[in-house]
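A short worksheet on the structure shown next.
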Amino acid sequence: PFDVLVVGGGPAGSAAAIYAARKGIRTGVVAERFGGQVLDTLAIENFISVTETEGPKLAMALEQHVKEYDVDVMNLQKAAELIPGDLIEVKLASGASLKSKSVILTTGARWREMNVPGEKEYRGKGVAYCPHCDGPLFKGKRVAVIGGGNSGVEAAIDLAGIVAHVTLLEFDSTLRADAVLQRKLLSLPNVTVITEALTSEVLGDGQKVTGLTYKNRNTDDLTQVELEGIFVQIGLLPNTDWLKGTVALSQRGEIEINTRGETSVPGVFAAGDCTTVPYKQIIIAMGAGSTAALGAFDHLIRASAP
Ligand code: FAD
């Protein structure tokens, strides 16, 4: 069996694997797609100490760094079931089964999409999901934020300080964000809020976003808005469906962890975007992965004490 088995091969999983392997213990990584969300990212400008890089380049560097160590990397393998015990079992979708004294879950998350024409085509060409990552790219431009929950309203407030104008579109008749956030939003001069608006199309010129169309849900009237960027803020979905009923999850499906990365199951740790960590970023996921690996190592030396 492994001493540490990491499930997921993004920034969190890579950091966890390196920290574990450096303790000289048997370490494995099973990943559906090594690199994770980083593979889908264009410019990265907030990975501290690296002024600018690209997602695929960083993903390659992650893999190279992990492979510097004696880590058993099982790529293109999906974990389907976790069975707690003295030896924890991870069953793969392929039917194979792996056993380990400790497991670190780093399966990440994915942004919920609007599923409207143009969204996929213009992803990274004006359609964005992360204001912390891509907000500065729209300096002085006009953007929309889709979604009036806490993350949408926070994004709109954040972006209003950088861009020329923000249009916030909410499907419902009222915003769902906390009152204090709504008050802040409404106090900003360069923000327009439109409710009962169903975004129906992302418009572009073939190269980049030029606007969007939304439908008024009462009148069915279609309106076009000219703008350069669209931030979709309708939810971040953790990849934790396969853990339901085994590991304690929050209401949003995030794995609950403590400051050492421990989950509700002894010997099972978690890190990164799949957890309750409040901010989802590469550098934060790496720090959390390192914490979880050190937590797992602490657990192992205690578990094997005579
Ligand atoms: P992920 O990167 O999501 O990795 C999860 C890993 O788990 C993957 O290898 C996946 O294949 C695997 N996996 C999932 N389910 C299973 C399963 N059942 N079995 C086995 N493996 C599984 N952050 C920044 O800091 N700066 C940026 O500029 C930035 N830009 C971004 C742009 C885009 C378009 C996106 C989508 C995200 C961006 N982010 C950015 C966020 C950043 O990518 C994430 O915070 C980070 O990748 C999270 O790392 P993670 O390891 O927790 O999860």
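Residue names in the structure tokens use chain letters A, B, ... in the order shown, residue numbers from 1 in each chain, and ligand numbers from 1 in the order shown.
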Near region 35-41 of chain A, within 8 Å and counting only C-alpha atoms, which residues show up once chain neighbours fewer than 4 positions away are dropped, as an mmCIF file with N, CA, C and O atoms, in the first residue's frame?
data_model
loop_
_atom_site.group_PDB
_atom_site.id
_atom_site.type_symbol
_atom_site.label_atom_id
_atom_site.label_comp_id
_atom_site.auth_asym_id
_atom_site.auth_seq_id
_atom_site.Cartn_x
_atom_site.Cartn_y
_atom_site.Cartn_z
ATOM 1 N N GLY A 8 -6.069 13.633 -7.413
ATOM 2 C CA GLY A 8 -6.104 14.943 -8.077
ATOM 3 C C GLY A 8 -4.695 15.395 -8.410
ATOM 4 O O GLY A 8 -3.783 15.234 -7.591
ATOM 5 N N GLY A 9 -4.538 15.961 -9.596
ATOM 6 C CA GLY A 9 -3.203 16.347 -10.044
ATOM 7 C C GLY A 9 -3.107 17.802 -10.462
ATOM 8 O O GLY A 9 -2.389 18.156 -11.390
ATOM 9 N N GLY A 10 -3.830 18.679 -9.766
ATOM 10 C CA GLY A 10 -3.710 20.122 -10.006
ATOM 11 C C GLY A 10 -2.638 20.702 -9.087
ATOM 12 O O GLY A 10 -1.791 19.967 -8.570
ATOM 13 N N PRO A 11 -2.662 22.016 -8.875
ATOM 14 C CA PRO A 11 -1.681 22.651 -7.989
ATOM 15 C C PRO A 11 -1.684 22.066 -6.570
ATOM 16 O O PRO A 11 -0.611 21.823 -5.997
ATOM 17 N N GLU A 54 1.963 31.018 -18.518
ATOM 18 C CA GLU A 54 0.743 30.502 -19.148
ATOM 19 C C GLU A 54 0.381 29.183 -18.505
ATOM 20 O O GLU A 54 1.253 28.434 -18.066
ATOM 21 N N GLY A 55 -0.929 28.881 -18.495
ATOM 22 C CA GLY A 55 -1.414 27.679 -17.830
ATOM 23 C C GLY A 55 -0.707 26.406 -18.239
ATOM 24 O O GLY A 55 -0.145 25.705 -17.382
ATOM 25 N N PRO A 56 -0.695 26.087 -19.550
ATOM 26 C CA PRO A 56 -0.069 24.833 -19.965
ATOM 27 C C PRO A 56 1.414 24.747 -19.562
ATOM 28 O O PRO A 56 1.909 23.667 -19.261
ATOM 29 N N LEU A 58 2.755 26.195 -16.844
ATOM 30 C CA LEU A 58 2.796 25.919 -15.411
ATOM 31 C C LEU A 58 2.415 24.456 -15.144
ATOM 32 O O LEU A 58 3.022 23.793 -14.292
ATOM 33 N N ALA A 59 1.437 23.935 -15.890
ATOM 34 C CA ALA A 59 1.021 22.536 -15.713
ATOM 35 C C ALA A 59 2.194 21.597 -16.005
ATOM 36 O O ALA A 59 2.438 20.631 -15.274
ATOM 37 N N MET A 60 2.934 21.907 -17.059
ATOM 38 C CA MET A 60 4.116 21.112 -17.414
ATOM 39 C C MET A 60 5.146 21.164 -16.295
ATOM 40 O O MET A 60 5.743 20.148 -15.927
ATOM 41 N N LEU A 62 4.583 21.718 -13.156
ATOM 42 C CA LEU A 62 4.079 20.951 -12.005
ATOM 43 C C LEU A 62 4.456 19.481 -12.174
ATOM 44 O O LEU A 62 4.968 18.828 -11.262
ATOM 45 N N GLU A 63 4.184 18.962 -13.381
ATOM 46 C CA GLU A 63 4.426 17.549 -13.634
ATOM 47 C C GLU A 63 5.921 17.232 -13.529
ATOM 48 O O GLU A 63 6.317 16.228 -12.930
ATOM 49 N N GLY A 108 -10.405 19.463 -6.822
ATOM 50 C CA GLY A 108 -10.690 20.748 -7.449
ATOM 51 C C GLY A 108 -12.159 21.051 -7.665
ATOM 52 O O GLY A 108 -13.052 20.465 -7.027
ATOM 53 N N ARG A 110 -15.096 23.213 -10.657
ATOM 54 C CA ARG A 110 -15.298 23.775 -11.999
ATOM 55 C C ARG A 110 -16.358 24.865 -11.909
ATOM 56 O O ARG A 110 -17.277 24.788 -11.091
ATOM 57 N N GLY A 124 -12.080 32.903 -22.375
ATOM 58 C CA GLY A 124 -10.697 33.381 -22.456
ATOM 59 C C GLY A 124 -10.525 34.495 -23.483
ATOM 60 O O GLY A 124 -9.427 35.019 -23.656
#
Using only C-alpha atoms and all ligand atoms, which protein or nucleic acid residues are at most 7 Å from ligand 1, as a compact mmCIF listing (two decimals) with all heavy atoms, in the first residue's frame?
# COMPACT_ATOMS: atom_id res chain seq x y z
N VAL A 7 -5.36 12.16 -4.49
CA VAL A 7 -6.35 12.07 -5.56
C VAL A 7 -6.50 13.46 -6.17
O VAL A 7 -6.99 14.39 -5.51
CB VAL A 7 -7.71 11.55 -5.04
CG1 VAL A 7 -8.68 11.37 -6.22
CG2 VAL A 7 -7.53 10.24 -4.29
N GLY A 8 -6.07 13.63 -7.41
CA GLY A 8 -6.10 14.94 -8.08
C GLY A 8 -4.70 15.39 -8.41
O GLY A 8 -3.78 15.23 -7.59
N GLY A 9 -4.54 15.96 -9.60
CA GLY A 9 -3.20 16.35 -10.04
C GLY A 9 -3.11 17.80 -10.46
O GLY A 9 -2.39 18.16 -11.39
N GLY A 10 -3.83 18.68 -9.77
CA GLY A 10 -3.71 20.12 -10.01
C GLY A 10 -2.64 20.70 -9.09
O GLY A 10 -1.79 19.97 -8.57
N PRO A 11 -2.66 22.02 -8.87
CA PRO A 11 -1.68 22.65 -7.99
C PRO A 11 -1.68 22.07 -6.57
O PRO A 11 -0.61 21.82 -6.00
CB PRO A 11 -2.12 24.11 -7.96
CG PRO A 11 -2.86 24.31 -9.25
CD PRO A 11 -3.51 23.01 -9.56
N ALA A 12 -2.87 21.81 -6.03
CA ALA A 12 -2.94 21.27 -4.66
C ALA A 12 -2.35 19.87 -4.60
O ALA A 12 -1.54 19.55 -3.72
CB ALA A 12 -4.39 21.26 -4.16
N GLY A 13 -2.74 19.02 -5.55
CA GLY A 13 -2.26 17.64 -5.56
C GLY A 13 -0.76 17.57 -5.82
O GLY A 13 -0.06 16.76 -5.20
N VAL A 30 -3.21 9.87 -8.20
CA VAL A 30 -4.14 9.42 -9.22
C VAL A 30 -4.92 10.65 -9.69
O VAL A 30 -5.49 11.38 -8.89
CB VAL A 30 -5.04 8.27 -8.72
CG1 VAL A 30 -5.64 8.54 -7.38
CG2 VAL A 30 -6.12 7.95 -9.73
N ALA A 31 -4.87 10.94 -11.00
CA ALA A 31 -5.50 12.16 -11.53
C ALA A 31 -6.25 11.86 -12.81
O ALA A 31 -5.76 11.16 -13.69
CB ALA A 31 -4.44 13.22 -11.79
N GLU A 32 -7.43 12.45 -12.89
CA GLU A 32 -8.22 12.31 -14.11
C GLU A 32 -7.50 13.05 -15.25
O GLU A 32 -7.45 12.58 -16.38
CB GLU A 32 -9.60 12.92 -13.86
CG GLU A 32 -10.65 12.46 -14.83
CD GLU A 32 -12.01 13.04 -14.49
OE1 GLU A 32 -12.21 13.57 -13.38
OE2 GLU A 32 -12.88 12.96 -15.36
N ARG A 33 -6.97 14.24 -14.93
CA ARG A 33 -6.28 15.04 -15.93
C ARG A 33 -5.20 15.84 -15.21
O ARG A 33 -5.49 16.87 -14.57
CB ARG A 33 -7.28 16.00 -16.59
CG ARG A 33 -6.78 16.65 -17.86
CD ARG A 33 -7.92 17.35 -18.56
NE ARG A 33 -8.39 18.49 -17.80
CZ ARG A 33 -8.41 19.74 -18.25
NH1 ARG A 33 -8.02 20.01 -19.46
NH2 ARG A 33 -8.85 20.72 -17.49
N PHE A 34 -3.96 15.34 -15.27
CA PHE A 34 -2.89 16.00 -14.53
C PHE A 34 -2.74 17.45 -15.00
O PHE A 34 -2.73 17.72 -16.20
CB PHE A 34 -1.56 15.24 -14.69
CG PHE A 34 -0.58 15.62 -13.64
CD1 PHE A 34 -0.42 14.84 -12.50
CD2 PHE A 34 0.16 16.78 -13.76
CE1 PHE A 34 0.45 15.22 -11.51
CE2 PHE A 34 1.04 17.17 -12.76
CZ PHE A 34 1.18 16.38 -11.64
N GLY A 35 -2.64 18.38 -14.06
CA GLY A 35 -2.56 19.81 -14.39
C GLY A 35 -3.81 20.55 -13.92
O GLY A 35 -3.75 21.68 -13.50
N GLY A 36 -4.96 19.87 -14.01
CA GLY A 36 -6.20 20.45 -13.49
C GLY A 36 -6.63 21.71 -14.24
O GLY A 36 -6.38 21.84 -15.44
N GLN A 37 -7.26 22.62 -13.51
CA GLN A 37 -7.78 23.85 -14.12
C GLN A 37 -6.70 24.69 -14.78
O GLN A 37 -6.97 25.47 -15.69
CB GLN A 37 -8.46 24.73 -13.08
CG GLN A 37 -9.76 24.19 -12.54
CD GLN A 37 -10.23 25.03 -11.36
OE1 GLN A 37 -10.65 26.16 -11.52
NE2 GLN A 37 -10.16 24.46 -10.17
N VAL A 38 -5.47 24.53 -14.31
CA VAL A 38 -4.37 25.31 -14.85
C VAL A 38 -4.24 25.07 -16.36
O VAL A 38 -3.88 25.97 -17.12
CB VAL A 38 -3.06 24.95 -14.10
CG1 VAL A 38 -1.86 25.56 -14.79
CG2 VAL A 38 -3.14 25.42 -12.66
N ASP A 40 -6.49 24.93 -18.46
CA ASP A 40 -7.47 25.73 -19.19
C ASP A 40 -7.23 27.23 -19.06
O ASP A 40 -8.04 28.04 -19.48
CB ASP A 40 -8.89 25.45 -18.68
CG ASP A 40 -9.22 23.98 -18.71
OD1 ASP A 40 -8.76 23.32 -19.67
OD2 ASP A 40 -9.91 23.50 -17.80
N THR A 41 -6.12 27.60 -18.44
CA THR A 41 -5.87 29.01 -18.14
C THR A 41 -4.89 29.60 -19.14
O THR A 41 -3.94 28.93 -19.52
CB THR A 41 -5.29 29.12 -16.72
OG1 THR A 41 -6.20 28.48 -15.83
CG2 THR A 41 -5.12 30.56 -16.29
N LEU A 42 -5.13 30.81 -19.59
CA LEU A 42 -4.17 31.45 -20.49
C LEU A 42 -3.11 32.13 -19.65
O LEU A 42 -2.22 31.49 -19.15
CB LEU A 42 -4.91 32.42 -21.43
CG LEU A 42 -5.95 31.72 -22.34
CD1 LEU A 42 -6.76 32.72 -23.11
CD2 LEU A 42 -5.25 30.74 -23.27
N ALA A 43 -3.21 33.44 -19.48
CA ALA A 43 -2.18 34.16 -18.74
C ALA A 43 -2.38 34.03 -17.23
O ALA A 43 -3.50 34.11 -16.74
CB ALA A 43 -2.21 35.63 -19.13
N ILE A 44 -1.30 33.78 -16.53
CA ILE A 44 -1.33 33.78 -15.07
C ILE A 44 -0.34 34.84 -14.60
O ILE A 44 0.85 34.77 -14.93
CB ILE A 44 -0.95 32.40 -14.51
CG1 ILE A 44 -1.93 31.34 -15.01
CG2 ILE A 44 -0.89 32.42 -12.98
CD1 ILE A 44 -1.49 29.92 -14.76
N GLU A 45 -0.85 35.83 -13.88
CA GLU A 45 -0.01 36.97 -13.48
C GLU A 45 0.05 37.14 -11.98
O GLU A 45 0.59 38.13 -11.48
CB GLU A 45 -0.53 38.25 -14.15
CG GLU A 45 -0.53 38.14 -15.67
CD GLU A 45 -1.03 39.41 -16.35
OE1 GLU A 45 -1.51 40.32 -15.68
OE2 GLU A 45 -0.93 39.45 -17.61
N ASN A 46 -0.55 36.17 -11.25
CA ASN A 46 -0.57 36.31 -9.79
C ASN A 46 0.03 35.11 -9.08
O ASN A 46 -0.27 34.83 -7.92
CB ASN A 46 -2.00 36.56 -9.30
CG ASN A 46 -2.96 35.45 -9.71
OD1 ASN A 46 -2.54 34.45 -10.29
ND2 ASN A 46 -4.23 35.61 -9.39
N PHE A 47 0.89 34.37 -9.79
CA PHE A 47 1.64 33.28 -9.15
C PHE A 47 2.93 33.91 -8.66
O PHE A 47 3.86 34.12 -9.43
CB PHE A 47 1.87 32.14 -10.15
CG PHE A 47 2.50 30.95 -9.53
CD1 PHE A 47 2.01 30.44 -8.34
CD2 PHE A 47 3.59 30.35 -10.11
CE1 PHE A 47 2.60 29.33 -7.75
CE2 PHE A 47 4.19 29.25 -9.53
CZ PHE A 47 3.69 28.73 -8.35
N GLN A 77 -6.92 8.63 -14.74
CA GLN A 77 -7.64 7.66 -13.91
C GLN A 77 -8.58 8.43 -13.00
O GLN A 77 -8.15 9.34 -12.31
CB GLN A 77 -6.65 6.86 -13.04
CG GLN A 77 -5.71 5.97 -13.82
CD GLN A 77 -6.42 4.80 -14.46
OE1 GLN A 77 -7.46 4.34 -13.97
NE2 GLN A 77 -5.88 4.32 -15.57
N LYS A 78 -9.84 8.02 -12.99
CA LYS A 78 -10.83 8.72 -12.17
C LYS A 78 -11.16 7.91 -10.93
O LYS A 78 -11.48 6.72 -11.02
CB LYS A 78 -12.09 8.93 -13.02
CG LYS A 78 -13.15 9.73 -12.32
CD LYS A 78 -14.26 10.13 -13.25
CE LYS A 78 -15.23 11.02 -12.49
NZ LYS A 78 -16.21 11.63 -13.35
N ALA A 79 -11.07 8.56 -9.76
CA ALA A 79 -11.47 7.91 -8.51
C ALA A 79 -12.99 7.90 -8.44
O ALA A 79 -13.63 8.91 -8.75
CB ALA A 79 -10.89 8.65 -7.32
N ALA A 80 -13.56 6.77 -8.04
CA ALA A 80 -15.02 6.65 -8.04
C ALA A 80 -15.58 6.40 -6.64
O ALA A 80 -16.75 6.67 -6.38
CB ALA A 80 -15.45 5.53 -8.98
N THR A 106 -7.74 16.16 -3.57
CA THR A 106 -7.49 17.47 -4.19
C THR A 106 -8.16 17.51 -5.56
O THR A 106 -7.52 17.82 -6.57
CB THR A 106 -5.98 17.75 -4.36
OG1 THR A 106 -5.44 16.80 -5.31
CG2 THR A 106 -5.21 17.59 -3.06
N THR A 107 -9.45 17.20 -5.59
CA THR A 107 -10.14 17.03 -6.88
C THR A 107 -10.65 18.33 -7.49
O THR A 107 -11.27 18.31 -8.56
CB THR A 107 -11.29 16.02 -6.75
OG1 THR A 107 -12.06 16.38 -5.58
CG2 THR A 107 -10.79 14.60 -6.59
N GLY A 108 -10.40 19.46 -6.82
CA GLY A 108 -10.69 20.75 -7.45
C GLY A 108 -12.16 21.05 -7.67
O GLY A 108 -13.05 20.47 -7.03
N ALA A 109 -12.41 21.99 -8.56
CA ALA A 109 -13.77 22.46 -8.80
C ALA A 109 -13.88 22.93 -10.24
O ALA A 109 -12.89 23.03 -10.95
CB ALA A 109 -14.09 23.61 -7.84
N ARG A 110 -15.10 23.21 -10.66
CA ARG A 110 -15.30 23.78 -12.00
C ARG A 110 -16.36 24.86 -11.91
O ARG A 110 -17.28 24.79 -11.09
CB ARG A 110 -15.71 22.68 -12.98
CG ARG A 110 -17.01 22.00 -12.58
CD ARG A 110 -17.18 20.64 -13.23
NE ARG A 110 -18.52 20.13 -12.96
CZ ARG A 110 -18.88 19.49 -11.85
NH1 ARG A 110 -17.99 19.24 -10.89
NH2 ARG A 110 -20.12 19.10 -11.66
N TRP A 111 -16.23 25.89 -12.78
CA TRP A 111 -17.20 26.98 -12.78
C TRP A 111 -18.48 26.51 -13.43
O TRP A 111 -18.46 25.84 -14.47
CB TRP A 111 -16.66 28.19 -13.54
CG TRP A 111 -15.42 28.74 -12.91
CD1 TRP A 111 -14.13 28.49 -13.29
CD2 TRP A 111 -15.35 29.58 -11.77
NE1 TRP A 111 -13.27 29.15 -12.45
CE2 TRP A 111 -13.98 29.82 -11.52
CE3 TRP A 111 -16.32 30.18 -10.92
CZ2 TRP A 111 -13.55 30.62 -10.46
CZ3 TRP A 111 -15.87 30.96 -9.88
CH2 TRP A 111 -14.52 31.18 -9.66
N GLY A 124 -12.08 32.90 -22.37
CA GLY A 124 -10.70 33.38 -22.46
C GLY A 124 -10.53 34.49 -23.48
O GLY A 124 -9.43 35.02 -23.66
N ALA A 128 -15.01 35.35 -18.85
CA ALA A 128 -14.11 35.02 -17.75
C ALA A 128 -14.92 34.54 -16.55
O ALA A 128 -16.14 34.75 -16.48
CB ALA A 128 -13.28 36.24 -17.38
N TYR A 129 -14.23 33.89 -15.63
CA TYR A 129 -14.92 33.34 -14.46
C TYR A 129 -14.31 33.81 -13.15
O TYR A 129 -14.91 33.65 -12.11
CB TYR A 129 -14.90 31.81 -14.53
CG TYR A 129 -15.68 31.29 -15.73
CD1 TYR A 129 -15.10 31.20 -16.98
CD2 TYR A 129 -17.02 30.97 -15.61
CE1 TYR A 129 -15.81 30.77 -18.09
CE2 TYR A 129 -17.75 30.54 -16.71
CZ TYR A 129 -17.14 30.45 -17.95
OH TYR A 129 -17.86 30.04 -19.03
N CYS A 130 -13.09 34.37 -13.21
CA CYS A 130 -12.39 34.68 -11.96
C CYS A 130 -11.95 36.14 -11.93
O CYS A 130 -11.00 36.51 -12.62
CB CYS A 130 -11.19 33.74 -11.83
SG CYS A 130 -10.09 34.15 -10.47
N CYS A 133 -8.36 36.80 -11.04
CA CYS A 133 -7.39 36.40 -12.06
C CYS A 133 -7.41 37.36 -13.24
O CYS A 133 -6.38 37.83 -13.68
CB CYS A 133 -7.71 34.99 -12.58
SG CYS A 133 -8.06 33.79 -11.27
N ASP A 134 -8.60 37.64 -13.74
CA ASP A 134 -8.71 38.32 -15.03
C ASP A 134 -9.21 39.76 -14.96
O ASP A 134 -9.23 40.45 -15.98
CB ASP A 134 -9.63 37.51 -15.96
CG ASP A 134 -9.05 36.13 -16.27
OD1 ASP A 134 -7.83 35.98 -16.13
OD2 ASP A 134 -9.80 35.22 -16.64
N ASN A 239 -15.65 19.12 -7.23
CA ASN A 239 -15.72 17.76 -7.79
C ASN A 239 -15.73 16.74 -6.66
O ASN A 239 -14.74 16.03 -6.44
CB ASN A 239 -14.52 17.53 -8.72
CG ASN A 239 -14.49 18.53 -9.85
OD1 ASN A 239 -15.52 18.85 -10.44
ND2 ASN A 239 -13.31 19.04 -10.17
N TRP A 242 -18.57 12.08 -5.78
CA TRP A 242 -18.20 10.69 -5.45
C TRP A 242 -17.91 10.49 -3.96
O TRP A 242 -17.77 9.36 -3.51
CB TRP A 242 -16.99 10.26 -6.30
CG TRP A 242 -15.73 11.03 -6.00
CD1 TRP A 242 -15.49 12.35 -6.29
CD2 TRP A 242 -14.56 10.55 -5.35
NE1 TRP A 242 -14.24 12.71 -5.87
CE2 TRP A 242 -13.64 11.62 -5.30
CE3 TRP A 242 -14.18 9.31 -4.82
CZ2 TRP A 242 -12.37 11.49 -4.73
CZ3 TRP A 242 -12.92 9.19 -4.26
CH2 TRP A 242 -12.04 10.27 -4.21
N ALA A 271 -7.40 19.35 0.25
CA ALA A 271 -6.79 20.66 -0.01
C ALA A 271 -7.28 21.23 -1.33
O ALA A 271 -7.64 20.50 -2.24
CB ALA A 271 -5.27 20.51 -0.04
N GLY A 272 -7.27 22.56 -1.40
CA GLY A 272 -7.53 23.23 -2.67
C GLY A 272 -8.99 23.53 -2.92
O GLY A 272 -9.80 23.59 -1.99
N ASP A 273 -9.32 23.72 -4.19
CA ASP A 273 -10.65 24.19 -4.58
C ASP A 273 -11.79 23.26 -4.20
O ASP A 273 -12.95 23.68 -4.20
CB ASP A 273 -10.70 24.41 -6.10
CG ASP A 273 -9.99 25.68 -6.55
OD1 ASP A 273 -9.22 26.24 -5.76
OD2 ASP A 273 -10.22 26.10 -7.71
N CYS A 274 -11.52 21.99 -3.90
CA CYS A 274 -12.60 21.05 -3.53
C CYS A 274 -12.99 21.21 -2.07
O CYS A 274 -13.89 20.53 -1.60
CB CYS A 274 -12.20 19.61 -3.84
SG CYS A 274 -10.80 19.01 -2.88
N LYS A 280 -10.22 30.64 -3.87
CA LYS A 280 -9.78 29.58 -4.77
C LYS A 280 -8.76 30.13 -5.76
O LYS A 280 -9.13 30.76 -6.76
CB LYS A 280 -11.00 29.02 -5.51
CG LYS A 280 -11.81 27.92 -4.83
CD LYS A 280 -12.41 28.13 -3.52
CE LYS A 280 -13.27 26.95 -3.09
NZ LYS A 280 -13.84 27.08 -1.77
N GLN A 281 -7.49 29.89 -5.50
CA GLN A 281 -6.41 30.39 -6.33
C GLN A 281 -5.28 29.37 -6.38
O GLN A 281 -5.15 28.52 -5.48
CB GLN A 281 -5.86 31.71 -5.74
CG GLN A 281 -6.87 32.85 -5.81
CD GLN A 281 -6.95 33.47 -7.19
OE1 GLN A 281 -6.15 34.27 -7.59
NE2 GLN A 281 -7.94 33.03 -7.96
N ILE A 282 -4.42 29.47 -7.38
CA ILE A 282 -3.32 28.50 -7.53
C ILE A 282 -2.41 28.51 -6.32
O ILE A 282 -2.10 27.46 -5.73
CB ILE A 282 -2.50 28.85 -8.80
CG1 ILE A 282 -3.37 28.65 -10.05
CG2 ILE A 282 -1.24 27.99 -8.89
CD1 ILE A 282 -2.80 29.29 -11.31
N ILE A 283 -1.99 29.69 -5.91
CA ILE A 283 -1.01 29.78 -4.83
C ILE A 283 -1.61 29.31 -3.50
O ILE A 283 -0.91 28.73 -2.66
CB ILE A 283 -0.42 31.21 -4.77
CG1 ILE A 283 0.91 31.18 -4.04
CG2 ILE A 283 -1.39 32.21 -4.15
CD1 ILE A 283 1.84 32.31 -4.43
N ALA A 285 -4.06 27.03 -3.31
CA ALA A 285 -4.19 25.56 -3.43
C ALA A 285 -2.84 24.88 -3.15
O ALA A 285 -2.78 23.83 -2.50
CB ALA A 285 -4.69 25.20 -4.83
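With distances restricted to only C-alpha atoms, A:Gly126 is the closest residue to Glu228 (chain A) from A:Gly161, A:Pro131, A:Gly126, A:Gly140.
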Run DSSP on the backbone of this structure and report the residues of region 217-288 of chain A it assigns to strand (DSSP E), as a list in words.
Leu222, Thr223, Gln224, Val225, Glu226, Gly229, Ile230, Phe231, Val232, Leu236, Leu237, Pro238, Val268, Phe269 and Ala270 of chain A
Report the residues of region 43-253 of chain A whose backbone DSSP state falls under helix (DSSP H, G or I), written as a ChimeraX atom specification.
/A:55-67,131-138,150-160,179-186,241-243
Residue among A:Thr27, A:Ser14, A:Thr276, A:Gln233 lying closest to Glu254 (chain A), counting only C-alpha atoms
A:Thr276
Extract, using only C-alpha atoms, all DNA, RNA and protein residues at most 9 Å from Thr210 (chain A), discarding same-chain residues fewer than 2 positions from it, and format them as a VMD selection string.
chain A and resid 126 202 to 205 208 212 225 to 229
Resulting file, chosen residues, N, CA and C atoms, as a short mmCIF file (atom, residue, chain, number, x, y, z; two decimals), in the first residue's frame:
data_model
loop_
_atom_site.label_atom_id
_atom_site.label_comp_id
_atom_site.auth_asym_id
_atom_site.auth_seq_id
_atom_site.Cartn_x
_atom_site.Cartn_y
_atom_site.Cartn_z
N GLY A 126 -12.78 37.13 -23.52
CA GLY A 126 -13.78 38.08 -23.02
C GLY A 126 -14.70 37.43 -22.00
N VAL A 202 -23.82 35.28 -25.96
CA VAL A 202 -22.58 36.07 -25.92
C VAL A 202 -22.28 36.47 -27.36
N LEU A 203 -22.09 37.77 -27.57
CA LEU A 203 -21.85 38.27 -28.92
C LEU A 203 -20.36 38.55 -29.11
N GLY A 204 -19.87 38.33 -30.33
CA GLY A 204 -18.46 38.59 -30.59
C GLY A 204 -18.21 38.82 -32.06
N ASP A 205 -16.97 39.22 -32.36
CA ASP A 205 -16.62 39.51 -33.76
C ASP A 205 -15.77 38.40 -34.36
N LYS A 208 -13.09 38.32 -30.35
CA LYS A 208 -13.32 38.59 -28.93
C LYS A 208 -14.76 39.05 -28.71
N LEU A 212 -23.47 41.28 -25.24
CA LEU A 212 -24.32 40.15 -24.89
C LEU A 212 -25.77 40.53 -25.15
N VAL A 225 -26.36 44.55 -25.04
CA VAL A 225 -25.46 45.46 -24.32
C VAL A 225 -24.09 45.34 -24.97
N GLU A 226 -23.49 46.47 -25.30
CA GLU A 226 -22.13 46.44 -25.86
C GLU A 226 -21.13 46.43 -24.72
N LEU A 227 -20.20 45.52 -24.76
CA LEU A 227 -19.17 45.47 -23.73
C LEU A 227 -18.03 44.57 -24.18
N GLU A 228 -16.96 44.56 -23.37
CA GLU A 228 -15.76 43.81 -23.77
C GLU A 228 -15.53 42.55 -22.94
N GLY A 229 -16.19 42.50 -21.77
CA GLY A 229 -15.93 41.34 -20.90
C GLY A 229 -17.19 40.87 -20.19
#
Mind dumping a table of every region 41-130 of chain A residue within 9 Å of region 286-301 of chain A, with the nearest atom pair and its distance in Å to one decimal, using only C-alpha atoms, sorted by chain and rising number, as JSON lines?
{"residue": "A:Lys101", "atom": "CA", "partner": "A:Leu300", "partner_atom": "CA", "distance": 7.4}
{"residue": "A:Ser102", "atom": "CA", "partner": "A:Ala296", "partner_atom": "CA", "distance": 6.4}
{"residue": "A:Val103", "atom": "CA", "partner": "A:Ala296", "partner_atom": "CA", "distance": 7.8}
{"residue": "A:Ile104", "atom": "CA", "partner": "A:Ala292", "partner_atom": "CA", "distance": 6.9}
{"residue": "A:Thr106", "atom": "CA", "partner": "A:Gly289", "partner_atom": "CA", "distance": 7.7}
Write out as a ChimeraX atom specification the residues lying within 12 Å of Leu168 (chain A), counting only C-alpha atoms and excluding same-chain residues fewer than 2 positions away.
/A:142-149,151-157,159-160,165-166,170-172,174-175,182,185-186,190-199,214,225,229-234
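Of note, CA of Val6 (chain A) and CA of Val50 (chain A) are spaced 25.9 Å apart.
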Using only C-alpha atoms, what table do you get, as CSV, when you list each residue of region 264-283 of chain A with an atom no more than 10 Å from region 83-95 of chain A, its nearest pair of atoms, and their distance in Å rounded to one decimal, rows by chain then rising number?
residue,atom,partner,partner_atom,distance
A:Val265,CA,A:Pro84,CA,7.1
A:Pro266,CA,A:Pro84,CA,8.0
A:Gly267,CA,A:Ile88,CA,7.8
A:Val268,CA,A:Ile88,CA,8.2
